[in-house]
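Trainee: target31.pdb (PDB, C-alpha atoms) pasted underneath:
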ATOM      1  CA  MET A   1      -1.652  -4.327 -19.160
ATOM      2  CA  SER A   2      -3.527  -1.651 -17.202
ATOM      3  CA  PHE A   3      -1.901   0.668 -14.681
ATOM      4  CA  THR A   4      -3.934  -0.628 -11.757
ATOM      5  CA  MET A   5      -2.806  -4.222 -12.374
ATOM      6  CA  VAL A   6       0.773  -3.020 -11.851
ATOM      7  CA  GLN A   7       0.158  -0.765  -8.829
ATOM      8  CA  GLU A   8      -2.545  -2.636  -6.932
ATOM      9  CA  GLN A   9      -0.185  -3.879  -4.188
ATOM     10  CA  GLN A  10       1.903  -1.775  -1.807
ATOM     11  CA  PHE A  11       5.603  -2.564  -1.677
ATOM     12  CA  SER A  12       6.572  -4.232   1.601
ATOM     13  CA  GLU A  13      10.127  -2.918   1.947
ATOM     14  CA  ARG A  14      12.661  -0.454   0.604
ATOM     15  CA  ASP A  15      15.897  -1.803  -0.869
ATOM     16  CA  SER A  16      18.396   0.889  -1.774
ATOM     17  CA  SER A  17      20.565  -1.612  -3.615
ATOM     18  CA  GLN A  18      18.085  -2.139  -6.470
ATOM     19  CA  LYS A  19      19.690  -2.158  -9.911
ATOM     20  CA  LYS A  20      18.234  -0.050 -12.699
ATOM     21  CA  SER A  21      17.680  -3.223 -14.728
ATOM     22  CA  ASP A  22      15.264  -4.424 -12.010
ATOM     23  CA  VAL A  23      12.982  -1.383 -12.381
ATOM     24  CA  VAL A  24       9.671  -1.936 -14.183
ATOM     25  CA  HIS A  25       8.798   1.352 -15.871
ATOM     26  CA  VAL A  26       5.063   2.078 -15.956
ATOM     27  CA  ALA A  27       3.615   5.046 -17.857
ATOM     28  CA  VAL A  28       0.428   6.523 -16.342
ATOM     29  CA  ALA A  29      -1.903   9.046 -17.985
ATOM     30  CA  VAL A  30      -4.005  11.677 -16.249
ATOM     31  CA  ILE A  31      -6.050  12.653 -19.297
ATOM     32  CA  ARG A  32      -7.420  16.184 -19.271
ATOM     33  CA  GLY A  33     -10.056  17.302 -21.754
ATOM     34  CA  GLU A  34     -10.439  20.776 -23.238
ATOM     35  CA  ASP A  35     -13.009  21.603 -20.538
ATOM     36  CA  GLY A  36     -10.586  20.634 -17.738
ATOM     37  CA  ARG A  37     -12.313  17.404 -16.812
ATOM     38  CA  ILE A  38     -10.306  14.214 -16.321
ATOM     39  CA  LEU A  39     -10.941  10.832 -17.921
ATOM     40  CA  ILE A  40     -11.017   7.785 -15.656
ATOM     41  CA  ALA A  41     -12.034   4.169 -16.140
ATOM     42  CA  LYS A  42     -13.604   1.617 -13.797
ATOM     43  CA  ARG A  43     -12.235  -1.870 -13.456
ATOM     44  CA  PRO A  44     -14.778  -4.580 -14.310
ATOM     45  CA  ASP A  45     -16.345  -6.226 -11.266
ATOM     46  CA  ASP A  46     -14.980  -9.643 -12.174
ATOM     47  CA  LYS A  47     -11.351  -8.479 -12.086
ATOM     48  CA  HIS A  48      -9.086  -8.006  -9.083
ATOM     49  CA  MET A  49      -9.983  -4.745  -7.318
ATOM     50  CA  GLY A  50     -13.040  -4.629  -9.545
ATOM     51  CA  GLY A  51     -15.344  -1.652  -9.194
ATOM     52  CA  LEU A  52     -12.500   0.768  -8.407
ATOM     53  CA  TRP A  53     -11.647   3.668 -10.682
ATOM     54  CA  GLU A  54      -8.196   3.952 -12.241
ATOM     55  CA  PHE A  55      -5.979   6.164 -14.365
ATOM     56  CA  PRO A  56      -5.104   4.379 -17.616
ATOM     57  CA  GLY A  57      -1.612   3.359 -18.689
ATOM     58  CA  GLY A  58       0.721   0.393 -18.635
ATOM     59  CA  LYS A  59       4.221  -0.998 -18.846
ATOM     60  CA  VAL A  60       6.841   0.715 -20.987
ATOM     61  CA  GLU A  61       8.431  -1.943 -23.157
ATOM     62  CA  PRO A  62      12.232  -2.133 -23.660
ATOM     63  CA  ASP A  63      13.543   0.590 -26.003
ATOM     64  CA  GLU A  64      10.130   2.323 -25.896
ATOM     65  CA  ASP A  65       9.711   5.910 -24.698
ATOM     66  CA  PHE A  66       6.845   6.841 -22.393
ATOM     67  CA  LYS A  67       4.926   8.782 -25.075
ATOM     68  CA  THR A  68       4.865   5.776 -27.365
ATOM     69  CA  ALA A  69       3.925   3.502 -24.462
ATOM     70  CA  LEU A  70       1.080   5.728 -23.308
ATOM     71  CA  ASN A  71      -0.405   6.107 -26.770
ATOM     72  CA  ARG A  72      -0.152   2.357 -27.359
ATOM     73  CA  GLU A  73      -1.928   1.598 -24.086
ATOM     74  CA  LEU A  74      -4.542   4.326 -24.602
ATOM     75  CA  GLN A  75      -5.292   3.024 -28.078
ATOM     76  CA  GLU A  76      -5.690  -0.511 -26.765
ATOM     77  CA  GLU A  77      -7.773   0.411 -23.723
ATOM     78  CA  LEU A  78      -9.721   3.504 -24.768
ATOM     79  CA  ASP A  79      -9.361   3.841 -28.557
ATOM     80  CA  ILE A  80      -7.765   7.303 -28.261
ATOM     81  CA  SER A  81      -4.389   8.991 -28.666
ATOM     82  CA  VAL A  82      -2.923  12.116 -27.039
ATOM     83  CA  SER A  83      -0.414  14.702 -28.230
ATOM     84  CA  GLN A  84       0.526  16.932 -25.261
ATOM     85  CA  PHE A  85       2.469  15.782 -22.198
ATOM     86  CA  GLU A  86       3.408  17.445 -18.885
ATOM     87  CA  PRO A  87       5.185  15.704 -15.969
ATOM     88  CA  LEU A  88       2.951  15.206 -12.927
ATOM     89  CA  ILE A  89       4.525  12.856 -10.384
ATOM     90  CA  THR A  90       6.931   9.942 -10.303
ATOM     91  CA  ILE A  91       6.239   7.331  -7.641
ATOM     92  CA  GLN A  92       8.627   4.480  -6.957
ATOM     93  CA  HIS A  93       7.379   1.387  -5.141
ATOM     94  CA  ARG A  94       9.636  -1.507  -4.191
ATOM     95  CA  TYR A  95       8.814  -5.177  -3.839
ATOM     96  CA  PRO A  96      11.433  -7.536  -2.340
ATOM     97  CA  GLU A  97      12.244  -8.787  -5.825
ATOM     98  CA  LYS A  98      11.639  -5.741  -8.032
ATOM     99  CA  THR A  99      10.910  -2.035  -8.218
ATOM    100  CA  VAL A 100       8.089  -0.384 -10.167
ATOM    101  CA  LEU A 101       8.435   3.214 -11.298
ATOM    102  CA  LEU A 102       5.043   4.860 -11.813
ATOM    103  CA  ASP A 103       5.819   7.616 -14.307
ATOM    104  CA  THR A 104       2.682   9.774 -14.223
ATOM    105  CA  TRP A 105       1.931  12.501 -16.778
ATOM    106  CA  LYS A 106      -0.809  15.027 -17.393
ATOM    107  CA  VAL A 107      -1.813  14.533 -21.003
ATOM    108  CA  SER A 108      -4.141  16.442 -23.308
ATOM    109  CA  GLY A 109      -4.785  16.914 -27.000
ATOM    110  CA  VAL A 110      -7.105  13.902 -27.080
ATOM    111  CA  GLN A 111      -7.853  12.496 -30.511
ATOM    112  CA  GLY A 112     -10.819  10.164 -30.827
ATOM    113  CA  THR A 113     -13.827   9.410 -28.622
ATOM    114  CA  PRO A 114     -12.938   7.392 -25.509
ATOM    115  CA  LYS A 115     -14.636   4.040 -25.107
ATOM    116  CA  GLY A 116     -13.947   1.004 -22.954
ATOM    117  CA  ASN A 117     -12.413  -1.475 -25.372
ATOM    118  CA  GLU A 118     -12.217  -4.030 -22.555
ATOM    119  CA  GLY A 119     -15.811  -3.480 -21.424
ATOM    120  CA  GLN A 120     -14.848  -1.034 -18.696
ATOM    121  CA  GLU A 121     -16.926   2.021 -17.823
ATOM    122  CA  VAL A 122     -15.267   5.353 -18.681
ATOM    123  CA  GLN A 123     -16.219   8.775 -17.381
ATOM    124  CA  TRP A 124     -15.125  12.413 -17.540
ATOM    125  CA  VAL A 125     -15.067  14.000 -14.061
ATOM    126  CA  GLU A 126     -14.193  17.355 -12.538
ATOM    127  CA  PRO A 127     -10.812  17.240 -10.725
ATOM    128  CA  GLU A 128     -12.515  17.900  -7.377
ATOM    129  CA  GLN A 129     -14.679  14.793  -7.877
ATOM    130  CA  LEU A 130     -11.618  12.542  -7.740
ATOM    131  CA  THR A 131     -11.582  12.694  -3.935
ATOM    132  CA  THR A 132     -15.130  11.329  -3.773
ATOM    133  CA  LEU A 133     -14.388   8.227  -5.882
ATOM    134  CA  SER A 134     -12.799   4.931  -4.860
ATOM    135  CA  PHE A 135      -9.318   4.332  -6.306
ATOM    136  CA  PRO A 136      -6.700   1.704  -5.422
ATOM    137  CA  PRO A 137      -4.537   2.900  -2.494
ATOM    138  CA  ALA A 138      -1.535   3.719  -4.671
ATOM    139  CA  ASN A 139      -3.609   6.265  -6.602
ATOM    140  CA  GLY A 140      -3.877   8.579  -3.581
ATOM    141  CA  PRO A 141      -0.666  10.537  -4.272
ATOM    142  CA  ILE A 142      -1.652  10.864  -7.949
ATOM    143  CA  VAL A 143      -5.044  12.317  -7.032
ATOM    144  CA  ASN A 144      -3.343  14.762  -4.657
ATOM    145  CA  ALA A 145      -0.843  15.750  -7.337
ATOM    146  CA  VAL A 146      -3.697  16.476  -9.754
ATOM    147  CA  LEU A 147      -5.351  18.800  -7.241
ATOM    148  CA  LEU A 148      -2.228  20.593  -5.997
ATOM    149  CA  PRO A 149      -0.849  23.676  -7.786
ATOM    150  CA  ARG A 150       2.751  24.085  -8.936
ATOM    151  CA  GLN A 151       3.522  26.914  -6.486
ATOM    152  CA  TYR A 152       3.277  26.952  -2.689
ATOM    153  CA  MET A 153       3.870  30.224  -0.865
ATOM    154  CA  VAL A 154       5.102  30.411   2.718
ATOM    155  CA  THR A 155       4.462  33.757   4.371
ATOM    156  CA  GLY A 156       7.468  35.785   5.481
ATOM    157  CA  LEU A 157       8.132  38.551   7.950
ATOM    158  CA  PHE A 158       5.523  41.278   8.389
ATOM    159  CA  SER A 159       5.365  44.232  10.747
ATOM    160  CA  SER A 160       1.601  44.638  10.873
ATOM    161  CA  ALA A 161      -1.650  42.891  10.028
ATOM    162  CA  ALA A 162      -2.162  45.373   7.208
ATOM    163  CA  GLU A 163       1.155  44.404   5.612
ATOM    164  CA  LEU A 164       0.313  40.706   5.909
ATOM    165  CA  ILE A 165      -3.110  41.166   4.302
ATOM    166  CA  GLU A 166      -1.691  43.368   1.545
ATOM    167  CA  LYS A 167       1.054  40.909   0.599
ATOM    168  CA  VAL A 168      -1.197  37.849   0.648
ATOM    169  CA  SER A 169      -3.844  39.705  -1.368
ATOM    170  CA  ARG A 170      -1.267  40.628  -3.987
ATOM    171  CA  GLN A 171      -0.133  37.042  -4.413
ATOM    172  CA  LEU A 172      -3.699  35.744  -4.606
ATOM    173  CA  GLU A 173      -4.273  38.194  -7.429
ATOM    174  CA  ASN A 174      -1.048  36.897  -9.028
ATOM    175  CA  GLY A 175      -2.513  33.384  -9.067
ATOM    176  CA  LEU A 176      -1.176  31.743  -5.864
ATOM    177  CA  ARG A 177      -3.679  29.145  -4.640
ATOM    178  CA  LEU A 178      -1.799  27.361  -1.853
ATOM    179  CA  ILE A 179      -0.413  29.321   1.091
ATOM    180  CA  GLN A 180       1.188  28.378   4.398
ATOM    181  CA  PHE A 181       0.754  30.934   7.153
ATOM    182  CA  ARG A 182       4.015  30.847   9.085
ATOM    183  CA  ALA A 183       4.601  33.304  11.937
ATOM    184  CA  PRO A 184       6.519  31.532  14.727
ATOM    185  CA  TRP A 185       7.053  34.772  16.641
ATOM    186  CA  LEU A 186       3.319  35.165  17.328
ATOM    187  CA  GLN A 187       1.461  33.748  20.319
ATOM    188  CA  GLU A 188      -1.389  31.344  19.585
ATOM    189  CA  LYS A 189      -4.264  33.804  20.035
ATOM    190  CA  PRO A 190      -3.034  36.577  17.686
ATOM    191  CA  TYR A 191      -1.838  33.916  15.208
ATOM    192  CA  LEU A 192      -5.278  32.327  14.988
ATOM    193  CA  HIS A 193      -6.956  35.731  14.755
ATOM    194  CA  LEU A 194      -4.863  36.603  11.690
ATOM    195  CA  ALA A 195      -5.325  33.105  10.293
ATOM    196  CA  ARG A 196      -9.101  33.571  10.261
ATOM    197  CA  GLU A 197      -8.711  36.838   8.380
ATOM    198  CA  LEU A 198      -6.443  35.219   5.825
ATOM    199  CA  HIS A 199      -8.857  32.320   5.391
ATOM    200  CA  HIS A 200     -11.682  34.708   4.512
ATOM    201  CA  LEU A 201      -9.318  36.493   2.142
ATOM    202  CA  CYS A 202      -8.505  33.213   0.354
ATOM    203  CA  GLN A 203     -12.070  31.967  -0.025
ATOM    204  CA  PRO A 204     -13.127  34.074  -3.060
ATOM    205  CA  PHE A 205     -10.039  32.818  -4.914
ATOM    206  CA  ASN A 206     -10.725  29.172  -3.988
ATOM    207  CA  ALA A 207      -7.241  29.186  -2.435
ATOM    208  CA  LYS A 208      -6.222  26.976   0.478
ATOM    209  CA  LEU A 209      -4.529  28.298   3.620
ATOM    210  CA  LEU A 210      -2.460  25.846   5.670
ATOM    211  CA  LEU A 211      -1.693  26.630   9.300
ATOM    212  CA  LYS A 212       0.899  25.644  11.862
ATOM    213  CA  GLY A 213      -0.490  23.900  14.905
ATOM    214  CA  ASN A 214      -1.590  20.730  16.658
ATOM    215  CA  PRO A 215      -4.192  18.136  15.569
ATOM    216  CA  GLU A 216      -7.003  19.809  17.517
ATOM    217  CA  LEU A 217      -6.818  22.816  15.175
ATOM    218  CA  LEU A 218      -8.301  20.651  12.407
ATOM    219  CA  GLN A 219     -11.631  20.798  14.268
ATOM    220  CA  GLU A 220     -12.022  24.444  13.286
ATOM    221  CA  SER A 221     -14.502  24.761  10.417
ATOM    222  CA  TRP A 222     -12.384  27.447   8.740
ATOM    223  CA  CYS A 223      -9.120  25.447   8.845
ATOM    224  CA  ASP A 224      -8.096  24.252   5.366
ATOM    225  CA  GLY A 225      -5.314  22.087   6.768
ATOM    226  CA  ILE A 226      -2.061  21.991   8.713
ATOM    227  CA  HIS A 227       1.583  21.987   7.681
ATOM    228  CA  LEU A 228       3.515  19.887  10.192
ATOM    229  CA  ARG A 229       6.967  20.727  11.463
ATOM    230  CA  SER A 230       9.417  17.854  10.999
ATOM    231  CA  ASP A 231       9.356  17.196  14.769
ATOM    232  CA  GLN A 232       5.592  16.605  14.559
ATOM    233  CA  LEU A 233       6.055  13.619  12.245
ATOM    234  CA  SER A 234       6.347  11.381  15.299
ATOM    235  CA  VAL A 235       2.698  12.083  16.154
ATOM    236  CA  PRO A 236       0.729   8.948  15.166
ATOM    237  CA  ALA A 237      -1.414   9.227  12.044
ATOM    238  CA  SER A 238      -4.420   8.268  14.184
ATOM    239  CA  GLU A 239      -4.133  11.579  16.069
ATOM    240  CA  TRP A 240      -4.494  13.587  12.873
ATOM    241  CA  LYS A 241      -7.298  11.344  11.576
ATOM    242  CA  LYS A 242      -9.218  11.853  14.814
ATOM    243  CA  TYR A 243      -9.840  15.516  14.030
ATOM    244  CA  ARG A 244      -9.395  15.724  10.280
ATOM    245  CA  ARG A 245     -12.373  16.572   8.079
ATOM    246  CA  GLU A 246     -12.873  15.806   4.398
ATOM    247  CA  GLY A 247     -11.150  18.308   2.144
ATOM    248  CA  GLN A 248      -8.449  19.351   4.626
ATOM    249  CA  TRP A 249      -4.814  19.130   3.552
ATOM    250  CA  LEU A 250      -2.069  17.693   5.726
ATOM    251  CA  ALA A 251       1.503  18.571   4.746
ATOM    252  CA  ALA A 252       4.916  18.269   6.381
ATOM    253  CA  SER A 253       8.413  19.733   6.273
ATOM    254  CA  CYS A 254      11.123  17.187   5.435
ATOM    255  CA  HIS A 255      14.886  17.526   5.206
ATOM    256  CA  ASN A 256      16.117  13.981   4.631
ATOM    257  CA  GLU A 257      15.093  10.471   3.630
ATOM    258  CA  GLU A 258      14.142   9.425   7.156
ATOM    259  CA  GLN A 259      11.666  12.284   7.472
ATOM    260  CA  LEU A 260      10.176  11.504   4.051
ATOM    261  CA  LEU A 261       9.504   7.964   5.265
ATOM    262  CA  GLU A 262       7.986   9.343   8.475
ATOM    263  CA  ALA A 263       5.741  11.615   6.404
ATOM    264  CA  GLU A 264       4.486   8.614   4.435
ATOM    265  CA  ALA A 265       3.772   6.776   7.691
ATOM    266  CA  ALA A 266       1.933   9.841   9.029
ATOM    267  CA  GLU A 267      -0.234   9.710   5.882
ATOM    268  CA  VAL A 268       0.300  13.338   4.934
ATOM    269  CA  ASP A 269      -0.831  14.530   1.492
ATOM    270  CA  PHE A 270       2.373  16.262   0.407
ATOM    271  CA  VAL A 271       5.697  17.536   1.721
ATOM    272  CA  THR A 272       8.265  20.251   1.278
ATOM    273  CA  LEU A 273      11.878  19.148   0.869
ATOM    274  CA  SER A 274      14.553  21.603   1.959
ATOM    275  CA  PRO A 275      16.967  23.203   1.688
ATOM    276  CA  VAL A 276      17.642  22.433  -1.946
ATOM    277  CA  ARG A 277      19.921  25.485  -2.258
ATOM    278  CA  PRO A 278      21.511  27.873   0.257
ATOM    279  CA  THR A 279      19.032  30.346   1.718
ATOM    280  CA  LYS A 280      19.297  33.808   3.240
ATOM    281  CA  SER A 281      17.013  32.787   6.108
ATOM    282  CA  HIS A 282      19.324  29.891   7.134
ATOM    283  CA  PRO A 283      22.788  30.924   5.922
ATOM    284  CA  GLY A 284      24.630  28.292   7.950
ATOM    285  CA  ARG A 285      22.542  25.297   6.939
ATOM    286  CA  LEU A 286      24.056  22.891   4.444
ATOM    287  CA  SER A 287      21.941  22.551   1.298
ATOM    288  CA  MET A 288      21.385  19.167  -0.362
ATOM    289  CA  GLY A 289      21.741  20.287  -3.986
ATOM    290  CA  GLN A 290      19.697  19.439  -7.052
ATOM    291  CA  GLU A 291      21.052  15.922  -7.529
ATOM    292  CA  ARG A 292      20.236  14.759  -4.001
ATOM    293  CA  ALA A 293      16.872  16.543  -4.060
ATOM    294  CA  THR A 294      16.000  14.696  -7.279
ATOM    295  CA  GLU A 295      17.040  11.367  -5.769
ATOM    296  CA  LEU A 296      14.936  11.891  -2.644
ATOM    297  CA  THR A 297      11.974  13.199  -4.611
ATOM    298  CA  ARG A 298      11.905  10.249  -6.992
ATOM    299  CA  GLY A 299      12.153   7.874  -4.041
ATOM    300  CA  SER A 300       9.109   9.344  -2.290
ATOM    301  CA  LYS A 301       5.503   8.217  -2.671
ATOM    302  CA  LEU A 302       4.229  11.736  -1.976
ATOM    303  CA  PRO A 303       4.018  14.948  -3.996
ATOM    304  CA  VAL A 304       7.132  16.945  -3.102
ATOM    305  CA  TYR A 305       7.653  20.712  -3.270
ATOM    306  CA  TRP A 306      11.270  21.849  -3.461
ATOM    307  CA  LEU A 307      12.052  24.599  -0.963
ATOM    308  CA  GLY A 308      15.138  26.681  -0.291
ATOM    309  CA  GLY A 309      16.763  29.221  -2.575
ATOM    310  CA  LEU A 310      14.197  28.652  -5.327
ATOM    311  CA  GLY A 311      11.849  30.935  -7.218
ATOM    312  CA  ARG A 312       9.220  30.928  -9.940
ATOM    313  CA  SER A 313      11.868  30.471 -12.621
ATOM    314  CA  ASP A 314      12.881  27.135 -11.036
ATOM    315  CA  GLU A 315       9.410  25.621 -11.320
ATOM    316  CA  GLN A 316      10.050  23.758 -14.571
ATOM    317  CA  LEU A 317      13.381  22.422 -13.311
ATOM    318  CA  ALA A 318      11.702  21.062 -10.185
ATOM    319  CA  VAL A 319       8.854  19.499 -12.146
ATOM    320  CA  GLU A 320      11.208  17.852 -14.635
ATOM    321  CA  SER A 321      13.129  16.444 -11.658
ATOM    322  CA  GLY A 322       9.975  14.770 -10.339
ATOM    323  CA  ALA A 323       8.727  17.454  -7.930
ATOM    324  CA  GLN A 324       5.220  18.852  -7.701
ATOM    325  CA  GLY A 325       6.644  22.351  -7.989
ATOM    326  CA  VAL A 326       8.369  24.966  -5.848
ATOM    327  CA  ALA A 327       7.668  26.353  -2.404
ATOM    328  CA  ALA A 328       9.216  29.635  -1.330
ATOM    329  CA  ILE A 329       9.119  32.532   1.066
ATOM    330  CA  GLY A 330      11.226  35.317  -0.410
ATOM    331  CA  ALA A 331      10.522  34.579  -4.080
ATOM    332  CA  PHE A 332       6.811  35.208  -3.541
ATOM    333  CA  TRP A 333       6.798  37.419  -0.447
ATOM    334  CA  SER A 334       9.052  40.183  -1.739
ATOM    335  CA  ILE A 335       7.519  40.575  -5.231
ATOM    336  CA  ARG A 336       5.375  43.641  -5.766
TER     337      ARG A 336
END
How does the structure come out when it is put into structure tokens?

Mentor:
Amino acid sequence: MSFTMVQEQQFSERDSSQKKSDVVHVAVAVIRGEDGRILIAKRPDDKHMGGLWEFPGGKVEPDEDFKTALNRELQEELDISVSQFEPLITIQHRYPEKTVLLDTWKVSGVQGTPKGNEGQEVQWVEPEQLTTLSFPPANGPIVNAVLLPRQYMVTGLFSSAAELIEKVSRQLENGLRLIQFRAPWLQEKPYLHLARELHHLCQPFNAKLLLKGNPELLQESWCDGIHLRSDQLSVPASEWKKYRREGQWLAASCHNEEQLLEAEAAEVDFVTLSPVRPTKSHPGRLSMGQERATELTRGSKLPVYWLGGLGRSDEQLAVESGAQGVAAIGAFWSIR
């Protein structure tokens, strides 16, 4: 059974009382070749949602681990096996009568030559090409997760433009490729002036700079995207779509389950979830802890970055708990 056949419908409601025995576990493979390209397959035209591309995979049988399930499905569908696995994203969708857990993994170490055993077309594509292809709706978060890095830096305090440029430059050289420019103490004009400078700084590294602002800011040709405050989640998705151009990211700050649901409704690409741990910047704010953060993350349909009291060393913990990775201010901003 292919992955798309399981995920092709959106769940109509959320039922927090679902029992674990009701969950259908589906293993999904994002197959990466040695050259970095990703293997996808097209559903035959005569099948439901025919002509759309999909990531291969299928149902995990009782008493079967995901590695065994993936290799069984890949052998049946594509005549290949894989040997290396890395968590990517876990998406949980709920029907009125059941829940499906889409357990998605980056896999590599491909053995064999892929071919469509069921007559389907298969193709290796560059990761950036995924956004230009037609996938079933539920694949959107998986595509975003493929394209997003594991680390997301939020800029901290700076006393001058020179300090800001120096610190961002250092982290770009250290490999950071996703940055949120946060400076709430600045007026709009000086903020946008510095934002343009940072954008030019990021371009040679192919890094993306997300800004704080209103939908109209997306009209700017140099704007890579916007990170919404939680109070902006009430703005209808149509307002963001009105100005949004292809390739721009839309993210949001979330602190609870309600805001995660609002972020899904706003059709953002990813979110930060905070505070996972106590932070120096908000010493009086109650943190949610790892257990609650894991629960909320696994219940979301979006890639989630954990934020609050976390650093580079927590990246693997976050990923193993279902998160995209870690977001941080101090852990990245203060390192020399």

Trainee: What lies within 7 Å of segment 50-59 of chain A using only C-alpha atoms, ignoring chain neighbours under 6 positions off, as a short mmCIF file (atom, residue, chain, number, x, y, z; two decimals) with C-alpha atoms, keeping the file's coordinate frame?

Mentor:
data_model
loop_
_atom_site.label_atom_id
_atom_site.label_comp_id
_atom_site.auth_asym_id
_atom_site.auth_seq_id
_atom_site.Cartn_x
_atom_site.Cartn_y
_atom_site.Cartn_z
CA MET A 1 -1.65 -4.33 -19.16
CA SER A 2 -3.53 -1.65 -17.20
CA PHE A 3 -1.90 0.67 -14.68
CA THR A 4 -3.93 -0.63 -11.76
CA HIS A 25 8.80 1.35 -15.87
CA VAL A 26 5.06 2.08 -15.96
CA ALA A 27 3.62 5.05 -17.86
CA VAL A 28 0.43 6.52 -16.34
CA ALA A 29 -1.90 9.05 -17.98
CA VAL A 30 -4.00 11.68 -16.25
CA ILE A 40 -11.02 7.78 -15.66
CA ALA A 41 -12.03 4.17 -16.14
CA LYS A 42 -13.60 1.62 -13.80
CA ARG A 43 -12.24 -1.87 -13.46
CA PRO A 44 -14.78 -4.58 -14.31
CA LEU A 70 1.08 5.73 -23.31
CA GLU A 73 -1.93 1.60 -24.09
CA LEU A 74 -4.54 4.33 -24.60
CA SER A 134 -12.80 4.93 -4.86
CA PHE A 135 -9.32 4.33 -6.31
CA PRO A 136 -6.70 1.70 -5.42
#

Trainee: Can you give me, as a list of chain:residue names, the residues this file yields under the PyMOL selection byres ((chain A and resi 119) around 12)?

Mentor: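 When the PyMOL selection byres ((chain A and resi 119) around 12) is applied to the shown file, the picked residues are A:Ala41, A:Lys42, A:Arg43, A:Pro44, A:Asp45, A:Asp46, A:Lys47, A:Glu76, A:Glu77, A:Leu78, A:Pro114, A:Lys115, A:Gly116, A:Asn117, A:Glu118, A:Gln120, A:Glu121, A:Val122.
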
Trainee: What does the distance between atom CA of Thr104 of chain A and atom CA of Ile38 of chain A come to in Å, to one decimal place?

Mentor: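 According to the coordinates, atom CA of Thr104 of chain A and atom CA of Ile38 of chain A are separated by 13.9 Å.
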
Trainee: Go through A:Val24, A:Ala162, A:Ala207, A:Leu201 one by one, measure the shortest atom-to-atom distance of each to Arg177 of chain A using only C-alpha atoms, and give the residue with the smallest value.

Mentor: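 Nearest candidate to Arg177 of chain A out of A:Val24, A:Ala162, A:Ala207, A:Leu201: A:Ala207.
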
Trainee: Within 8 Å of segment 322-335 of chain A, counting all atoms listed in the file, which residues show up once you throw out same-chain ones fewer than 4 positions away? Write them as a PyMOL selection string, please.

Mentor: chain A and resi 87-90+145+148-156+167+171+272+294+297-298+303-312+314-316+318
